[in-house]
$ cat model.cif   # mmCIF, C-alpha atoms
data_my_file
#
loop_
_atom_site.label_atom_id
_atom_site.label_comp_id
_atom_site.auth_asym_id
_atom_site.auth_seq_id
_atom_site.Cartn_x
_atom_site.Cartn_y
_atom_site.Cartn_z
CA MET A 1 291.07 122.88 246.81
CA ARG A 2 288.99 126.02 246.57
CA SER A 3 291.07 128.21 248.89
CA LEU A 4 294.32 127.34 247.12
CA ASP A 5 292.74 127.84 243.72
CA ALA A 6 291.60 131.32 244.81
CA ALA A 7 295.11 132.06 246.04
CA ARG A 8 296.64 130.90 242.76
CA THR A 9 294.28 133.13 240.81
CA VAL A 10 295.39 136.18 242.81
CA CYS A 11 299.06 135.23 242.45
CA GLU A 12 298.66 134.88 238.70
CA GLN A 13 297.10 138.34 238.50
CA PHE A 14 300.13 139.95 240.16
CA HIS A 15 302.89 137.63 238.93
CA PRO A 16 301.81 136.02 235.64
CA GLY A 17 303.63 132.79 234.91
CA LEU A 18 305.52 132.56 238.22
CA LEU A 19 303.64 129.57 239.61
CA LYS A 20 304.01 127.64 236.35
CA GLU A 21 307.77 128.19 236.28
CA LEU A 22 308.13 127.17 239.92
CA GLU A 23 306.16 123.99 239.32
CA GLN A 24 308.56 122.97 236.55
CA ILE A 25 311.45 122.84 239.03
CA PRO A 26 311.69 119.68 241.17
CA TYR A 27 310.86 120.36 244.81
CA ALA A 28 314.35 119.50 246.07
CA GLU A 29 315.90 122.00 243.64
CA ARG A 30 313.52 124.75 244.72
CA GLU A 31 314.58 124.32 248.34
CA GLN A 32 318.33 123.85 248.05
CA PRO A 33 321.12 126.44 248.34
CA GLY A 34 321.49 128.33 245.07
CA SER A 35 317.85 127.71 244.20
CA PRO A 36 316.51 129.83 241.33
CA VAL A 37 313.23 130.67 243.11
CA ILE A 38 314.29 134.15 244.29
CA ASP A 39 315.47 135.10 240.80
CA LEU A 40 312.14 133.89 239.39
CA PHE A 41 310.31 135.95 242.00
CA ARG A 42 312.23 139.02 240.88
CA ILE A 43 311.76 138.32 237.14
CA HIS A 44 308.00 138.02 237.60
CA GLY A 45 307.58 141.33 239.39
CA GLY A 46 307.48 139.97 242.93
CA VAL A 47 309.43 142.91 244.30
CA GLY A 48 306.57 145.34 243.79
CA LEU A 49 303.70 143.42 245.40
CA LEU A 50 303.24 145.77 248.39
CA ILE A 51 304.86 148.84 246.87
CA PRO A 52 302.36 151.61 246.00
CA GLU A 53 301.45 152.18 242.37
CA THR A 54 302.87 155.71 242.57
CA TYR A 55 306.27 154.06 243.05
CA GLY A 56 305.74 151.58 240.23
CA GLY A 57 304.46 148.70 242.35
CA HIS A 58 301.25 146.69 242.46
CA GLY A 59 299.86 148.19 245.65
CA ALA A 60 298.30 144.88 246.70
CA ALA A 61 295.78 144.88 249.52
CA PRO A 62 296.61 142.83 252.64
CA LEU A 63 294.23 140.02 251.72
CA GLU A 64 295.69 139.86 248.22
CA ALA A 65 299.22 139.72 249.62
CA LEU A 66 298.23 136.94 251.99
CA ARG A 67 296.81 134.89 249.12
CA VAL A 68 299.95 135.39 247.03
CA GLN A 69 302.01 134.10 249.95
CA LEU A 70 299.65 131.15 250.34
CA ALA A 71 300.04 130.20 246.68
CA LEU A 72 303.83 130.54 246.74
CA GLY A 73 304.12 128.66 250.02
CA ALA A 74 302.32 125.72 248.46
CA LEU A 75 305.27 125.37 246.08
CA SER A 76 308.31 126.70 247.96
CA PRO A 77 308.51 127.33 251.70
CA SER A 78 312.03 128.70 251.15
CA LEU A 79 310.71 131.37 248.81
CA VAL A 80 308.01 132.66 251.13
CA ALA A 81 310.35 132.59 254.12
CA ALA A 82 312.73 134.80 252.16
CA VAL A 83 310.35 137.23 250.49
CA SER A 84 308.33 137.84 253.64
CA MET A 85 311.35 139.87 254.72
CA HIS A 86 311.27 141.98 251.57
CA HIS A 87 307.53 142.51 251.71
CA PHE A 88 307.26 143.66 255.31
CA THR A 89 310.24 145.98 254.75
CA ALA A 90 308.46 147.46 251.74
CA ALA A 91 305.27 147.91 253.75
CA MET A 92 307.20 149.85 256.40
CA LEU A 93 309.30 152.06 254.18
CA TYR A 94 306.61 153.02 251.72
CA SER A 95 304.18 153.88 254.50
CA LEU A 96 306.68 156.60 255.38
CA ALA A 97 307.21 157.55 251.75
CA LEU A 98 303.51 158.31 251.33
CA LYS A 99 303.63 160.85 254.14
CA ASP A 100 305.10 164.24 253.31
CA GLY A 101 308.34 165.16 255.01
CA ARG A 102 309.07 161.80 256.59
CA LEU A 103 311.89 160.80 254.21
CA THR A 104 314.79 162.71 252.73
CA ASP A 105 314.96 163.39 249.00
CA ALA A 106 317.74 160.80 248.69
CA GLN A 107 315.63 158.16 250.47
CA THR A 108 312.63 158.91 248.29
CA ALA A 109 314.75 158.71 245.14
CA LEU A 110 316.06 155.32 246.26
CA LEU A 111 312.55 153.99 246.81
CA HIS A 112 311.57 155.10 243.31
CA ARG A 113 314.29 152.80 241.93
CA ILE A 114 313.28 149.62 243.78
CA VAL A 115 310.63 148.43 241.29
CA PRO A 116 312.23 149.56 238.00
CA ASP A 117 315.52 147.93 239.02
CA GLN A 118 313.77 144.95 240.70
CA GLN A 119 315.83 145.42 243.84
CA VAL A 120 315.27 142.90 246.61
CA MET A 121 315.44 144.32 250.14
CA ALA A 122 316.78 142.16 252.94
CA SER A 123 315.67 142.91 256.47
CA GLY A 124 317.96 143.42 259.41
CA TRP A 125 315.27 143.96 262.04
CA ALA A 126 314.31 140.71 263.77
CA GLU A 127 317.28 139.10 265.48
CA GLY A 128 317.98 135.39 265.77
CA ARG A 129 319.50 135.75 269.24
CA THR A 130 318.38 133.70 272.24
CA ALA A 131 316.72 135.66 275.04
CA GLN A 132 317.12 139.01 273.33
CA ASN A 133 314.64 141.74 272.48
CA ILE A 134 313.70 141.10 268.85
CA LEU A 135 313.33 144.82 268.22
CA LYS A 136 316.67 145.84 269.78
CA PRO A 137 319.32 146.49 267.13
CA ALA A 138 322.46 144.34 266.99
CA VAL A 139 324.20 146.88 264.75
CA THR A 140 325.72 150.01 266.24
CA ALA A 141 326.27 153.27 264.41
CA ARG A 142 329.13 155.64 265.22
CA PRO A 143 328.67 159.22 263.98
CA VAL A 144 331.39 160.45 261.61
CA GLU A 145 331.58 163.36 259.21
CA GLY A 146 328.78 163.06 256.67
CA GLY A 147 327.14 159.98 258.15
CA PHE A 148 327.72 156.90 260.27
CA LEU A 149 329.99 153.86 260.48
CA LEU A 150 327.99 150.69 261.06
CA SER A 151 329.36 147.63 262.82
CA GLY A 152 327.67 144.41 263.83
CA ALA A 153 326.06 141.34 262.31
CA LYS A 154 322.66 140.07 261.23
CA LYS A 155 322.22 136.32 261.44
CA PRO A 156 320.28 134.76 259.99
CA CYS A 157 319.51 137.29 257.28
CA SER A 158 317.27 135.93 254.54
CA LEU A 159 317.90 137.07 250.95
CA SER A 160 321.52 137.68 251.97
CA ARG A 161 322.98 136.58 248.63
CA SER A 162 320.29 138.11 246.39
CA MET A 163 319.69 141.41 248.14
CA SER A 164 320.32 144.74 246.51
CA LEU A 165 319.69 146.64 249.73
CA LEU A 166 319.92 145.84 253.43
CA THR A 167 317.50 147.71 255.66
CA ALA A 168 319.00 147.50 259.12
CA SER A 169 317.80 148.73 262.46
CA ILE A 170 320.71 150.47 264.15
CA ALA A 171 321.56 151.94 267.53
CA ILE A 172 323.19 155.37 267.23
CA HIS A 173 325.48 155.93 270.18
CA GLY A 174 326.18 159.53 271.04
CA GLU A 175 329.24 160.94 272.79
CA ASP A 176 327.29 161.57 276.01
CA GLY A 177 326.99 157.83 276.69
CA GLY A 178 323.23 158.04 277.10
CA GLU A 179 320.53 155.74 275.78
CA PRO A 180 321.23 154.98 272.10
CA GLU A 181 318.82 156.26 269.46
CA LEU A 182 316.95 153.73 267.32
CA ALA A 183 317.23 154.43 263.59
CA LEU A 184 316.96 152.62 260.26
CA ALA A 185 319.85 152.50 257.80
CA LEU A 186 319.52 151.82 254.06
CA VAL A 187 322.71 150.00 253.09
CA PRO A 188 323.61 148.95 249.51
CA ALA A 189 324.58 145.28 249.30
CA ASP A 190 327.87 146.22 247.63
CA ALA A 191 328.90 148.71 250.33
CA PRO A 192 332.57 148.32 251.37
CA GLY A 193 332.77 146.40 254.64
CA LEU A 194 329.52 144.46 254.11
CA THR A 195 330.16 140.73 253.70
CA VAL A 196 328.06 137.56 253.61
CA HIS A 197 329.13 134.39 255.42
CA SER A 198 327.68 130.88 255.60
CA PHE A 199 325.40 130.37 258.59
CA TRP A 200 322.38 128.21 257.67
CA GLY A 201 323.13 124.53 258.28
CA ASN A 202 319.72 122.92 257.84
CA GLU A 203 318.64 121.39 254.54
CA LEU A 204 315.12 122.67 255.15
CA LEU A 205 314.46 126.21 253.88
CA ALA A 206 317.99 126.34 252.48
CA GLY A 207 316.77 128.23 249.42
CA ALA A 208 315.90 131.28 251.56
CA GLU A 209 319.55 132.40 251.67
CA SER A 210 319.45 132.90 255.44
CA GLU A 211 323.14 133.49 256.01
CA GLU A 212 325.13 135.89 258.18
CA VAL A 213 325.63 139.49 257.05
CA ARG A 214 328.53 141.25 258.73
CA LEU A 215 329.11 144.99 258.77
CA GLU A 216 332.57 146.25 259.65
CA ASP A 217 332.79 150.05 259.66
CA VAL A 218 330.31 150.30 256.78
CA PHE A 219 329.83 153.98 255.92
CA VAL A 220 326.25 155.10 255.40
CA PRO A 221 325.55 158.74 254.47
CA ALA A 222 323.37 160.64 256.91
CA GLU A 223 320.68 161.08 254.24
CA MET A 224 320.31 157.27 254.07
CA VAL A 225 319.45 156.91 257.75
CA VAL A 226 315.80 157.23 258.81
CA ARG A 227 315.60 158.85 262.24
CA ALA A 228 312.67 159.74 264.47
CA GLY A 229 313.33 163.46 264.88
CA ALA A 230 312.01 165.82 267.51
CA ASP A 231 308.91 166.60 265.41
CA ASP A 232 307.95 162.92 265.10
CA PRO A 233 309.40 161.03 268.09
CA THR A 234 307.31 157.85 267.68
CA ARG A 235 308.01 157.45 263.95
CA LEU A 236 310.20 154.36 264.20
CA ASP A 237 308.24 152.78 267.05
CA ASP A 238 305.10 153.01 264.91
CA LEU A 239 307.02 151.84 261.88
CA GLN A 240 308.39 148.68 263.46
CA SER A 241 305.03 147.81 265.04
CA ALA A 242 303.33 148.07 261.64
CA GLY A 243 306.08 145.99 260.05
CA PHE A 244 305.68 143.42 262.81
CA VAL A 245 302.00 142.93 261.93
CA TRP A 246 302.83 142.50 258.25
CA PHE A 247 305.64 140.05 258.94
CA GLU A 248 303.68 137.78 261.26
CA MET A 249 300.78 137.62 258.82
CA LEU A 250 302.89 136.99 255.73
CA ILE A 251 305.22 134.40 257.24
CA SER A 252 302.30 132.48 258.74
CA ALA A 253 300.52 132.49 255.38
CA GLY A 254 303.57 131.08 253.65
CA TYR A 255 303.82 128.08 255.95
CA ALA A 256 300.05 127.62 255.82
CA GLY A 257 300.38 127.35 252.04
CA ALA A 258 302.82 124.46 252.39
CA ALA A 259 300.39 122.65 254.67
CA ALA A 260 297.43 123.39 252.41
CA ALA A 261 299.26 121.82 249.45
CA LEU A 262 299.49 118.54 251.38
CA VAL A 263 295.81 118.69 252.29
CA GLU A 264 294.99 119.33 248.65
CA GLN A 265 296.84 116.16 247.67
CA VAL A 266 294.76 114.16 250.14
CA LEU A 267 291.54 115.57 248.72
CA GLU A 268 292.52 115.11 245.08
CA ARG A 269 293.63 111.51 245.60
CA GLU A 270 290.60 110.78 247.82
CA ARG A 271 292.80 109.25 250.49
CA GLY A 272 291.08 108.01 253.63
CA SER A 273 287.37 108.16 254.34
CA ALA A 274 285.13 111.11 253.46
CA GLY A 275 284.96 111.93 257.16
CA GLU A 276 288.74 111.98 257.53
CA ARG A 277 289.19 114.17 254.47
CA ALA A 278 286.46 116.58 255.52
CA ALA A 279 287.88 116.91 259.05
CA LEU A 280 291.34 117.59 257.65
CA ALA A 281 290.01 120.20 255.23
CA VAL A 282 287.95 121.90 257.93
CA ASP A 283 290.98 122.23 260.20
CA MET A 284 293.04 123.66 257.33
CA GLU A 285 290.33 126.13 256.38
CA THR A 286 290.00 127.21 260.01
CA ALA A 287 293.69 128.15 260.08
CA LEU A 288 293.35 130.04 256.80
CA ALA A 289 290.25 131.84 258.07
CA LEU A 290 292.17 133.10 261.09
CA LEU A 291 294.83 134.60 258.86
CA GLU A 292 292.28 136.06 256.48
CA GLY A 293 290.60 137.73 259.45
CA VAL A 294 293.87 139.46 260.30
CA ALA A 295 294.34 140.55 256.68
CA ARG A 296 290.82 141.94 256.45
CA GLY A 297 291.36 143.88 259.68
CA ILE A 298 294.60 145.57 258.63
CA GLY A 299 293.96 149.27 258.23
CA PRO A 300 296.14 152.11 256.96
CA GLU A 301 297.90 152.30 260.35
CA PRO A 302 298.30 148.65 261.44
CA GLY A 303 300.79 149.21 264.26
CA ASP A 304 298.35 149.64 267.16
CA GLU A 305 298.60 147.12 269.97
CA GLU A 306 295.22 145.57 269.14
CA SER A 307 296.51 144.70 265.66
CA VAL A 308 299.73 143.27 267.11
CA ALA A 309 297.80 141.15 269.60
CA ARG A 310 295.40 139.95 266.92
CA VAL A 311 298.14 138.84 264.57
CA LEU A 312 300.02 137.07 267.37
CA VAL A 313 296.92 135.16 268.42
CA ALA A 314 296.36 134.06 264.82
CA ARG A 315 300.03 133.17 264.31
CA TYR A 316 300.25 130.98 267.43
CA ALA A 317 296.93 129.28 266.69
CA VAL A 318 298.11 128.49 263.16
CA GLN A 319 301.51 127.42 264.52
CA ASN A 320 299.72 124.94 266.79
CA ALA A 321 297.50 123.62 264.02
CA LEU A 322 299.87 123.11 261.10
CA PRO A 323 302.09 120.28 262.44
CA GLU A 324 299.05 118.22 263.36
CA ILE A 325 297.39 118.92 260.00
CA THR A 326 300.48 117.95 258.02
CA SER A 327 301.00 114.82 260.12
CA ARG A 328 297.47 113.63 259.36
CA ALA A 329 297.89 114.53 255.69
CA LEU A 330 301.09 112.46 255.41
CA GLU A 331 299.41 109.53 257.14
CA LEU A 332 296.45 109.64 254.76
CA LEU A 333 298.72 109.96 251.72
CA GLY A 334 300.21 106.68 252.83
CA GLY A 335 303.42 104.73 252.96
CA LEU A 336 303.93 104.43 249.22
CA ASP A 337 303.78 108.20 248.83
CA PHE A 338 306.42 108.49 251.56
CA ILE A 339 308.60 105.85 249.92
CA ARG A 340 308.42 107.22 246.38
CA GLY A 341 309.60 110.74 247.13
CA SER A 342 310.63 113.10 249.90
CA ALA A 343 308.89 116.29 248.77
CA HIS A 344 305.80 115.87 250.95
CA ALA A 345 307.77 114.87 254.04
CA LEU A 346 310.13 117.82 253.54
CA ALA A 347 307.23 120.25 253.16
CA ALA A 348 305.65 118.92 256.35
CA ALA A 349 308.94 119.32 258.21
CA ALA A 350 309.46 122.84 256.88
CA VAL A 351 306.09 123.92 258.28
CA ARG A 352 307.43 123.43 261.79
CA ALA A 353 309.87 126.29 261.27
CA LEU A 354 307.07 128.78 261.93
CA ALA A 355 307.73 128.14 265.62
CA PHE A 356 311.27 129.49 265.28
CA HIS A 357 310.39 132.92 263.91
CA PRO A 358 310.38 135.67 266.52
CA PRO A 359 308.78 136.17 268.90
CA SER A 360 308.71 132.65 270.29
CA ARG A 361 305.55 131.55 272.02
CA ALA A 362 307.40 131.47 275.35
CA ALA A 363 308.69 135.02 274.89
CA ALA A 364 305.22 136.37 274.10
CA ALA A 365 303.35 134.44 276.80
CA GLU A 366 303.57 136.90 279.68
CA PRO A 367 303.09 140.04 277.51
CA LEU A 368 299.96 138.48 276.00
CA LEU A 369 298.61 137.42 279.40
CA ARG A 370 299.06 140.96 280.69
CA TYR A 371 297.36 142.33 277.57
CA PHE A 372 294.42 139.93 277.95
CA ASP A 373 294.12 141.17 281.53
CA GLY A 374 293.84 144.79 280.38
CA ASP A 375 297.44 146.03 280.44
CA PRO A 376 299.32 147.48 277.43
CA LEU A 377 301.02 144.96 275.14
CA VAL A 378 304.79 145.26 275.56
CA LEU A 379 306.95 142.71 273.76
CA ALA A 380 310.39 142.40 275.36
#
$ encode --input "model.cif" --output "structure tokens"
Amino acid sequence: MRSLDAARTVCEQFHPGLLKELEQIPYAEREQPGSPVIDLFRIHGGVGLLIPETYGGHGAAPLEALRVQLALGALSPSLVAAVSMHHFTAAMLYSLALKDGRLTDAQTALLHRIVPDQQVMASGWAEGRTAQNILKPAVTARPVEGGFLLSGAKKPCSLSRSMSLLTASIAIHGEDGGEPELALALVPADAPGLTVHSFWGNELLAGAESEEVRLEDVFVPAEMVVRAGADDPTRLDDLQSAGFVWFEMLISAGYAGAAAALVEQVLERERGSAGERAALAVDMETALALLEGVARGIGPEPGDEESVARVLVARYAVQNALPEITSRALELLGGLDFIRGSAHALAAAAVRALAFHPPSRAAAAEPLLRYFDGDPLVLA
């Protein structure tokens, strides 16, 4: 399948040998708890995909990153679900690092160590809480001498058992009892008071390490907290909007890769009629084209509301398309394929998880309708 072959070529350029090693592991082992896929991602330089070259990374363009995700998703939905968190975190943090004066010396020094030490960054931004603002922090920060004490929980938190660093959105509560300040804390995984607890109960995507991370009076030095500041009051609003665009694109591409792998099997085995195969391939390519359009449109400052609306439209269109595409692919692959192994059925089921990543379609419906009618896009 031409689009998957192109994606594999890009992935091989950035992470030589990774796809081959993943293919050698049975599908069930790739997707189970304790899977080696995240370690392989780290060993093959996956950490640096979106990190600028000046910080030791690859500095991949958005379209290149999308194709890497597509290729990896074709082999391991768990892996792309996990590393999407690392990648969008990297895109956010290093966009600040490239702008003079936006990070402290300690923060900059930490970012210089991410690639050499192959540190995986878990994300504590999007919350898995029903009927809650996905951008509102669940972790509070209490000011103390020299820094802050963090308390709260992130669940689910992908990469929870492999992370070197947790990047957590926090609410700093002042003594005046006013509106808390949004900030971003950089928390080492081995910080006293940070613990990981079992949370994920589904066999699907179990290799993503999406467990609960609890913080109980975790001390974070002031120089490891990114704050807006009076001179740059929209810094974190812009940052999280840009990260949102990256996340929605990358997570959608990962699941699209899993679906594309099933379509590829139909084409290679020549299952069904030529018309059925062509229709299936056209629908798959349409979904990929939507995502590629988003990637091609990402500029140096991707956090504007037009970019957010564009990526949401693409995400929900792809979310609608993938279950139907995978269902047809399984039907064309036939009953014997279903009987002989569970890998294809599991991949098709995993694709449906795109619907559960925030924001849900229901949560975004009214904000998008207002935006289409000419109002600002405000996700609540």
$ resolve_selection --input "model.cif" --expression "the PyMOL selection byres ((chain A and resi 208-222) around 6)" --output "PyMOL selection string"
chain A and resi 78-79+82+146-160+193-200+205-207+223-225
$ axis_aligned_box --input "model.cif" --around "region 275-292 of chain A" --padding-each-side "6 Å" --output "AutoDock Vina command-line options"
--center_x 289.9 --center_y 124.0 --center_z 257.8 --size_x 21.9 --size_y 36.1 --size_z 18.6
$ closest_residue --input "model.cif" --among "A:Val187, A:Ala97, A:Leu4, A:Ala81" --to "Glu285 (chain A)" --atoms "all atoms listed in the file"
A:Leu4
$ residues_around --input "model.cif" --residues "Gly374 (chain A)" --least-positions-apart "6" --cutoff "12 Å" --atoms "all atoms listed in the file" --output "list in words"
Glu305, Glu306, Pro367 and Leu368 of chain A
$ residues_around --input "model.cif" --residues "region 294-297 of chain A" --least-positions-apart "5" --cutoff "8 Å" --atoms "all atoms listed in the file" --output "PyMOL selection string"
chain A and resi 62-63+66+249+307+310-311+314
$ write_last_selection --input "model.cif" --atoms "C-alpha atoms" --output "PDB file, keeping the file's coordinate frame"
ATOM      1  CA  PRO A  62     296.610 142.830 252.640  1.00  0.00           C
ATOM      2  CA  LEU A  63     294.230 140.020 251.720  1.00  0.00           C
ATOM      3  CA  LEU A  66     298.230 136.940 251.990  1.00  0.00           C
ATOM      4  CA  MET A 249     300.780 137.620 258.820  1.00  0.00           C
ATOM      5  CA  SER A 307     296.510 144.700 265.660  1.00  0.00           C
ATOM      6  CA  ARG A 310     295.400 139.950 266.920  1.00  0.00           C
ATOM      7  CA  VAL A 311     298.140 138.840 264.570  1.00  0.00           C
ATOM      8  CA  ALA A 314     296.360 134.060 264.820  1.00  0.00           C
TER       9      ALA A 314
END
$ closest_residue --input "model.cif" --among "A:Ser273, A:Ser76, A:Gln32, A:Thr104" --to "Leu19 (chain A)" --atoms "all atoms listed in the file"
A:Ser76
$ closest_residue --input "model.cif" --among "A:Ile38, A:Leu336, A:Leu291, A:Leu72" --to "Gln319 (chain A)" --atoms "only C-alpha atoms"
A:Leu291
$ closest_residue --input "model.cif" --among "A:Val115, A:Ala6, A:Met85, A:Ala260" --to "Gly46 (chain A)" --atoms "all atoms listed in the file"
A:Val115
$ atom_distance --input "model.cif" --atom1 "CA of Phe244 (chain A)" --atom2 "CA of Phe88 (chain A)"
7.7 Å
$ closest_residue --input "model.cif" --among "A:Ile339, A:Ala189, A:Pro323, A:Val245" --to "Asp304 (chain A)" --atoms "only C-alpha atoms"
A:Val245
$ residues_around --input "model.cif" --residues "region 268-271 of chain A" --least-positions-apart "2" --cutoff "6 Å" --atoms "all atoms listed in the file" --output "number ranges by chain"
A: 265-266, 332
$ closest_residue --input "model.cif" --among "A:Arg67, A:Arg328, A:Arg42, A:Arg315" --to "Val83 (chain A)" --atoms "only C-alpha atoms"
A:Arg42
$ atom_distance --input "model.cif" --atom1 "CA of Gly254 (chain A)" --atom2 "CA of Thr326 (chain A)"
14.2 Å
$ resolve_selection --input "model.cif" --expression "the PyMOL selection byres ((chain A and resi 356) around 12)" --output "VMD selection string"
chain A and resid 81 126 to 130 156 248 251 to 252 315 to 316 319 350 to 355 357 to 363
$ atom_distance --input "model.cif" --atom1 "CA of Val68 (chain A)" --atom2 "CA of Met163 (chain A)"
20.7 Å
$ resolve_selection --input "model.cif" --expression "the PyMOL selection byres ((chain A and resi 50-55) around 10)" --output "VMD selection string"
chain A and resid 46 to 49 56 to 62 64 to 65 86 to 95 97 to 98 108 to 109 111 to 116
$ residues_around --input "model.cif" --residues "Thr167 (chain A)" --least-positions-apart "3" --cutoff "6 Å" --atoms "all atoms listed in the file" --output "list in words"
Ser123, Gly124, Ala185 and Leu186 of chain A
